[in-house]
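Working notes, beginning with the structure itself.
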Amino acid sequence: MKKLLPLLIVGILVLSGLGAVALPDENTKFVTKSINFSHPTTTNEDEYLTINMINTNSFLMKQNKPLLPSYIQTFTFPFGTKIKGISCKPNDIHYQTIPKYIMPTPEAVSGECSIKNEKVQSSTINYGLDPYPNTWYTYDVGSGIGNNGRCVIVKIQIFPVQYYPAENIIEWTSNVDIILEYEEPVKSGVVKDEYEFVVLGPSEFSDELTPLITHKNGRGISTIFVSLTDVYNSVHFPVTGRDDQEKNKHFIKNAIENWNTDYVLLVGGIDKFPARETHILRGTDNETFVSDLYYADIYNDTNGFCSWDSNENDVFGEYDWGPSHNYDEVDLYPDVYLGRLACVSGSEVTTCVNKIKTYENNEAYTKHWFNDIVVIGGDHAAGDTYAVDEGEYVNQVIIDIMDGFVPDRLWASEGDLTGAIPNGAKKISNAINEGCGFIDFSGHGNTMIWSTHPHEDNSVWIPTASWPYNHGYLNSPHISGLLNGDELPIVIIGACSTCKYNVDPDCFGWAWLINNGGGGIAACGASGLDWFYYGEYVAEKGFEKICIDAFQAYADGAMTFGEMWGGAINSYIYPGMDDLDHKTVEEFQPFGDPTLAIKGDSQAPNKPEKPSGPANGKTGTTYTYSTSSIDPDGDKVYFLFDWGDDTYSDWTGPFNSGDTGSADHKWTSQDTYEIKVIAKDENGVISEWSDPLTITMPRNKAINTLLLNFLQSNPKMFPILQQLLILRFGLQN
């Protein structure tokens, strides 16, 4: 488990109110922050109440416990910083009696299950007598790598609402003051050599990897290939470790400390490059699974080596494991950005290397196809009390995060995953073959397939597929048949075991990278059984949440695939994680080059001007709308218009910074629409959306309606006014 520091009270006057205390030494510093909370709102949910607060950002979700809002605050400090104490003081505390029990946390289920989540009656709820939670906050400290380099990460989870089930009373605070006491690190010595990127693999792949090393050095990324033989023979650093996995992990630690290494690529499948097996008991799920996060999580919260075997019993990553219910202290924050090419042959290495080189030489992120995103989902399970199609819900959350990307929704509810000609699998292939920068799959899977259900029907598996493939899912042979050439997406897969490369060398996640005629450039998915929540809570905790966090990391500025993966893990981790959370983080497997460039180093264009053009008109008629945007770097810009009718223009441009760009469109249905536009520069960096222009088709629709009503009341005027309407508004019949 993650090690929690004692909940220390910083003994200073503002907190204690008890008088003067000894002042801290001159090396001690403080960070303070005040968090304000709104009045809690309650909503009736049949037998229960839900509690919400507008400015919270998470939930306290524990099985068989009330579902309550929480707030997570993150602080980062330079690596080596000593955290000496943390205090959170609630202010302005209120009490409120509520008429019903608070809704329990929904049931979490494995992605391989399709079971009914029957509604729990309030009479069966037993929350006990003690207040929940019994503290206003908790926190943890870890070491990891983030936007500002390697750092100490402090996360504080505040619980602004406490529930007294015996009295059905909630206690809540409108403000919490955080005070964090720390000591700055001592400056480290000078690093002699520097390799930002280390490629580790068997010596038999040395020749195939040489072009990649040359390519990366040519891009200004100092890169070295180190064979496993060199690691085990102490060629660069003295070998340390009980087995090959630990020897490799100690080597990475030495590379960090001696070479300033930030990125590590593991090359080889399970028989070529060993993986660490981890052990987490989740309900009846006692599956062991491999976790490459082991190789990235180098340091613990005190900056020591994180072995993942703190109890030294040679069983790694234990969480409630075995008859003794053993636990290992694992930090979980990655200290390097990491990826694996799970190649089983030299030809697979060559395929991956060629795809990486082409992707980066073409600056894929600058191409128009890159700004398309394909999302695929349905209903995770039928019979649950929420009646939400979880896969489509997750897809939509991701669409909202990836603002400025044109979505192609392939949804069960729209009939996109069924059909005969083309069938659902063919529709997916067609969408990908047109080119896209990202794909999100949200559903079920195993090592070779991805699938989902229609709404409220878990007896049917989709997408439909035709011979020679099995019906009811997309599988690895489908991926190997993709023909999207160099227009390669990053693929995020929310489903069980799709990246379980230790069991199936050609697993679904890996199949994307070894297609030499298309497929994908990188992929993330589960190396074991994943867990999720029903309804809208699918986006709050579990494997679908970490998939969402990967896209959020991109939106927040991740420049490389490794930063996207590492950012997802950093974002997901929170104080007091349970077995489900540990499993989620540890099984989030990255396939691909962690240094892969997925965004240009450029400032975004300014927010485009509100589109200008006709505010009303006739359906079926083409109209022109224009805008402009200034780029801070003076880069040329492109524009994409959202026409408000679920269609978009093509990217138009390039235009010089500040020049006007335009696009044409015609509407086919009578309605009111909002046109908005987004800009991107020649490096592929996207602006925010413009303010919308509201238009009406047909023009003066309300006046037309009034005139029609007048004609019905005055039929003798019809011939004259009919001609007038035809001439003026194009209105007939």
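Identifiers in the structure tokens: chain A, B, ... in order shown; residue index from 1 per chain; ligand index from 1 in order shown.
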**Item:** Residues within 8 Å of Phe532 in chain A, only C-alpha atoms, excluding chain neighbours under 3 positions, as a list of chain:residue names
**Value:**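 After dropping sequence-adjacent residues, the list is A:Ala108, A:Val109, A:Ser110, A:Gly111, A:Val538, A:Lys541, A:Gly542, A:Phe543, A:Glu544.
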**Residue set, range 250-380 of chain A restricted to helix (DSSP H, G or I), as number ranges by chain** = A: 250-259, 293-296, 346-361, 364-366, 368-371
Take the residues from that selection and put them in a file with C-alpha atoms, as a PDB file, in the first residue's frame.
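That gives us result.pdb:
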```pdb
ATOM      1  CA  HIS A 250      18.476  -0.917 -10.569  1.00  0.00           C
ATOM      2  CA  PHE A 251      20.049  -0.154 -13.939  1.00  0.00           C
ATOM      3  CA  ILE A 252      17.266   2.337 -14.667  1.00  0.00           C
ATOM      4  CA  LYS A 253      17.853   3.912 -11.251  1.00  0.00           C
ATOM      5  CA  ASN A 254      21.553   4.283 -12.093  1.00  0.00           C
ATOM      6  CA  ALA A 255      20.669   5.766 -15.485  1.00  0.00           C
ATOM      7  CA  ILE A 256      18.495   8.377 -13.772  1.00  0.00           C
ATOM      8  CA  GLU A 257      21.195   9.324 -11.300  1.00  0.00           C
ATOM      9  CA  ASN A 258      24.175   9.202 -13.660  1.00  0.00           C
ATOM     10  CA  TRP A 259      22.724   9.998 -17.084  1.00  0.00           C
ATOM     11  CA  LEU A 293       4.980   0.231 -14.106  1.00  0.00           C
ATOM     12  CA  TYR A 294       7.340  -1.748 -11.859  1.00  0.00           C
ATOM     13  CA  TYR A 295      10.246  -0.623 -14.073  1.00  0.00           C
ATOM     14  CA  ALA A 296       9.175   3.033 -13.970  1.00  0.00           C
ATOM     15  CA  GLY A 346      13.656  -8.774 -35.498  1.00  0.00           C
ATOM     16  CA  SER A 347      11.090  -8.169 -38.227  1.00  0.00           C
ATOM     17  CA  GLU A 348       8.614  -6.832 -35.660  1.00  0.00           C
ATOM     18  CA  VAL A 349      11.309  -4.505 -34.308  1.00  0.00           C
ATOM     19  CA  THR A 350      11.959  -3.222 -37.836  1.00  0.00           C
ATOM     20  CA  THR A 351       8.238  -2.635 -38.417  1.00  0.00           C
ATOM     21  CA  CYS A 352       7.927  -0.609 -35.204  1.00  0.00           C
ATOM     22  CA  VAL A 353      11.112   1.386 -35.828  1.00  0.00           C
ATOM     23  CA  ASN A 354      10.047   2.279 -39.383  1.00  0.00           C
ATOM     24  CA  LYS A 355       6.618   3.413 -38.180  1.00  0.00           C
ATOM     25  CA  ILE A 356       8.127   5.601 -35.450  1.00  0.00           C
ATOM     26  CA  LYS A 357      10.586   7.217 -37.847  1.00  0.00           C
ATOM     27  CA  THR A 358       7.936   7.928 -40.477  1.00  0.00           C
ATOM     28  CA  TYR A 359       5.453   9.253 -37.904  1.00  0.00           C
ATOM     29  CA  GLU A 360       7.976  11.713 -36.493  1.00  0.00           C
ATOM     30  CA  ASN A 361       9.617  12.680 -39.799  1.00  0.00           C
ATOM     31  CA  ALA A 364       2.004  13.511 -37.851  1.00  0.00           C
ATOM     32  CA  TYR A 365       0.525  15.884 -35.291  1.00  0.00           C
ATOM     33  CA  THR A 366       0.565  18.688 -37.901  1.00  0.00           C
ATOM     34  CA  HIS A 368      -5.318  17.348 -40.631  1.00  0.00           C
ATOM     35  CA  TRP A 369      -6.210  13.661 -40.136  1.00  0.00           C
ATOM     36  CA  PHE A 370      -4.511  13.804 -36.725  1.00  0.00           C
ATOM     37  CA  ASN A 371      -7.300  16.041 -35.419  1.00  0.00           C
TER      38      ASN A 371
END
```
**Prompt:** Which one of A:Ser234, A:Asn55, A:Asn362, A:Asn300 sits closest to Asn175 in chain A if you count only C-alpha atoms?
**Reply:**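 Among the listed residues, A:Asn55 lies closest to Asn175 in chain A.
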Tell me which protein, DNA and RNA residues are within 9 Å of range 686-696 of chain A, counting only C-alpha atoms, leaving out same-chain ones fewer than 6 positions away, and put them as a PDB file with C-alpha atoms, in the first residue's frame.
```
ATOM      1  CA  ASP A 403     -11.878  19.855 -27.633  1.00  0.00           C
ATOM      2  CA  GLY A 404     -10.967  20.788 -31.196  1.00  0.00           C
ATOM      3  CA  GLN A 603       2.089  28.507 -28.446  1.00  0.00           C
ATOM      4  CA  ALA A 604      -1.543  28.065 -29.401  1.00  0.00           C
ATOM      5  CA  PRO A 605      -3.133  30.611 -31.748  1.00  0.00           C
ATOM      6  CA  ASN A 606      -5.298  33.229 -30.083  1.00  0.00           C
ATOM      7  CA  LYS A 607      -9.012  32.579 -29.771  1.00  0.00           C
ATOM      8  CA  PRO A 608     -10.472  33.150 -33.254  1.00  0.00           C
ATOM      9  CA  GLU A 609     -12.828  36.011 -33.927  1.00  0.00           C
ATOM     10  CA  LYS A 610     -16.536  35.220 -33.774  1.00  0.00           C
ATOM     11  CA  PRO A 611     -17.547  33.971 -37.247  1.00  0.00           C
ATOM     12  CA  SER A 612     -19.056  36.609 -39.510  1.00  0.00           C
ATOM     13  CA  GLY A 613     -21.664  35.942 -42.177  1.00  0.00           C
ATOM     14  CA  PRO A 614     -25.435  35.829 -42.680  1.00  0.00           C
ATOM     15  CA  ALA A 615     -27.402  35.428 -39.456  1.00  0.00           C
ATOM     16  CA  ASN A 616     -30.336  33.810 -41.284  1.00  0.00           C
ATOM     17  CA  GLY A 617     -31.144  32.289 -44.616  1.00  0.00           C
ATOM     18  CA  LYS A 618     -32.779  29.417 -46.494  1.00  0.00           C
ATOM     19  CA  GLN A 670     -34.989  24.237 -40.516  1.00  0.00           C
ATOM     20  CA  ASP A 671     -33.629  25.148 -37.103  1.00  0.00           C
ATOM     21  CA  THR A 672     -31.471  27.552 -35.132  1.00  0.00           C
ATOM     22  CA  TYR A 673     -27.744  26.771 -35.158  1.00  0.00           C
ATOM     23  CA  GLU A 674     -24.576  28.022 -33.475  1.00  0.00           C
ATOM     24  CA  ILE A 675     -21.488  28.338 -35.672  1.00  0.00           C
ATOM     25  CA  LYS A 676     -18.101  28.386 -33.978  1.00  0.00           C
ATOM     26  CA  VAL A 677     -14.536  28.024 -35.210  1.00  0.00           C
ATOM     27  CA  ILE A 678     -11.229  26.788 -33.884  1.00  0.00           C
ATOM     28  CA  ALA A 679      -7.700  27.515 -35.119  1.00  0.00           C
ATOM     29  CA  LYS A 680      -4.492  25.499 -35.161  1.00  0.00           C
TER      30      LYS A 680
END
```
Find the residues of range 205-308 of chain A that sit at most 8 Å from range 142-154 of chain A; for each, write down the nearest two atoms and how far apart they are in Å, to one decimal. Count only C-alpha atoms. Sort by chain, then by number going up, and give it as JSON lines.
```
{"residue": "A:Asp297", "atom": "CA", "partner": "A:Gly144", "partner_atom": "CA", "distance": 7.5}
{"residue": "A:Tyr299", "atom": "CA", "partner": "A:Ser143", "partner_atom": "CA", "distance": 6.1}
{"residue": "A:Asn300", "atom": "CA", "partner": "A:Ser143", "partner_atom": "CA", "distance": 6.1}
{"residue": "A:Asp301", "atom": "CA", "partner": "A:Gly142", "partner_atom": "CA", "distance": 4.3}
{"residue": "A:Thr302", "atom": "CA", "partner": "A:Gly142", "partner_atom": "CA", "distance": 7.8}
{"residue": "A:Asn303", "atom": "CA", "partner": "A:Ser143", "partner_atom": "CA", "distance": 6.7}
```
Can those selected residues be exported to a file as an mmCIF file, in the first residue's frame so that it contains N, CA and C atoms?
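Okay, this is what ended up in result33.cif:
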```cif
data_model
loop_
_atom_site.group_PDB
_atom_site.id
_atom_site.type_symbol
_atom_site.label_atom_id
_atom_site.label_comp_id
_atom_site.auth_asym_id
_atom_site.auth_seq_id
_atom_site.Cartn_x
_atom_site.Cartn_y
_atom_site.Cartn_z
ATOM 1 N N ASP A 297 8.548 2.857 -11.616
ATOM 2 C CA ASP A 297 8.397 3.330 -10.235
ATOM 3 C C ASP A 297 9.680 3.007 -9.469
ATOM 4 N N TYR A 299 11.506 5.168 -7.172
ATOM 5 C CA TYR A 299 11.712 5.724 -5.830
ATOM 6 C C TYR A 299 10.431 5.647 -5.007
ATOM 7 N N ASN A 300 10.609 5.497 -3.682
ATOM 8 C CA ASN A 300 9.474 5.571 -2.776
ATOM 9 C C ASN A 300 9.334 6.984 -2.224
ATOM 10 N N ASP A 301 8.463 7.154 -1.230
ATOM 11 C CA ASP A 301 8.160 8.495 -0.738
ATOM 12 C C ASP A 301 9.314 9.136 0.016
ATOM 13 N N THR A 302 10.316 8.333 0.426
ATOM 14 C CA THR A 302 11.498 8.893 1.105
ATOM 15 C C THR A 302 12.699 8.950 0.163
ATOM 16 N N ASN A 303 12.445 8.780 -1.142
ATOM 17 C CA ASN A 303 13.459 8.832 -2.198
ATOM 18 C C ASN A 303 14.397 7.628 -2.188
#
```
**strand (DSSP E or B) positions in range 303-402 of chain A, given as a list in words** = Phe305, Tyr319, Asp320, Trp321, Asn326, Tyr327, Tyr337, Leu338, Gly339, Arg340, Leu341, Asp372, Ile373, Val374, Val375, Ile376, Gly377 and Asp379 of chain A
**Which residue of A:Val186, A:Leu265, A:Leu596, A:Met103 approaches Arg219 in chain A most closely, using only C-alpha atoms** =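 Smallest separation from Arg219 in chain A among the options: A:Leu596.
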**Request:** Using only C-alpha atoms, find the one residue out of A:Ser649, A:Thr619, A:Ser713, A:Thr81 that sits nearest to Glu183 in chain A.
**Result:**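 Of all the options, A:Thr81 lies closest to Glu183 in chain A.
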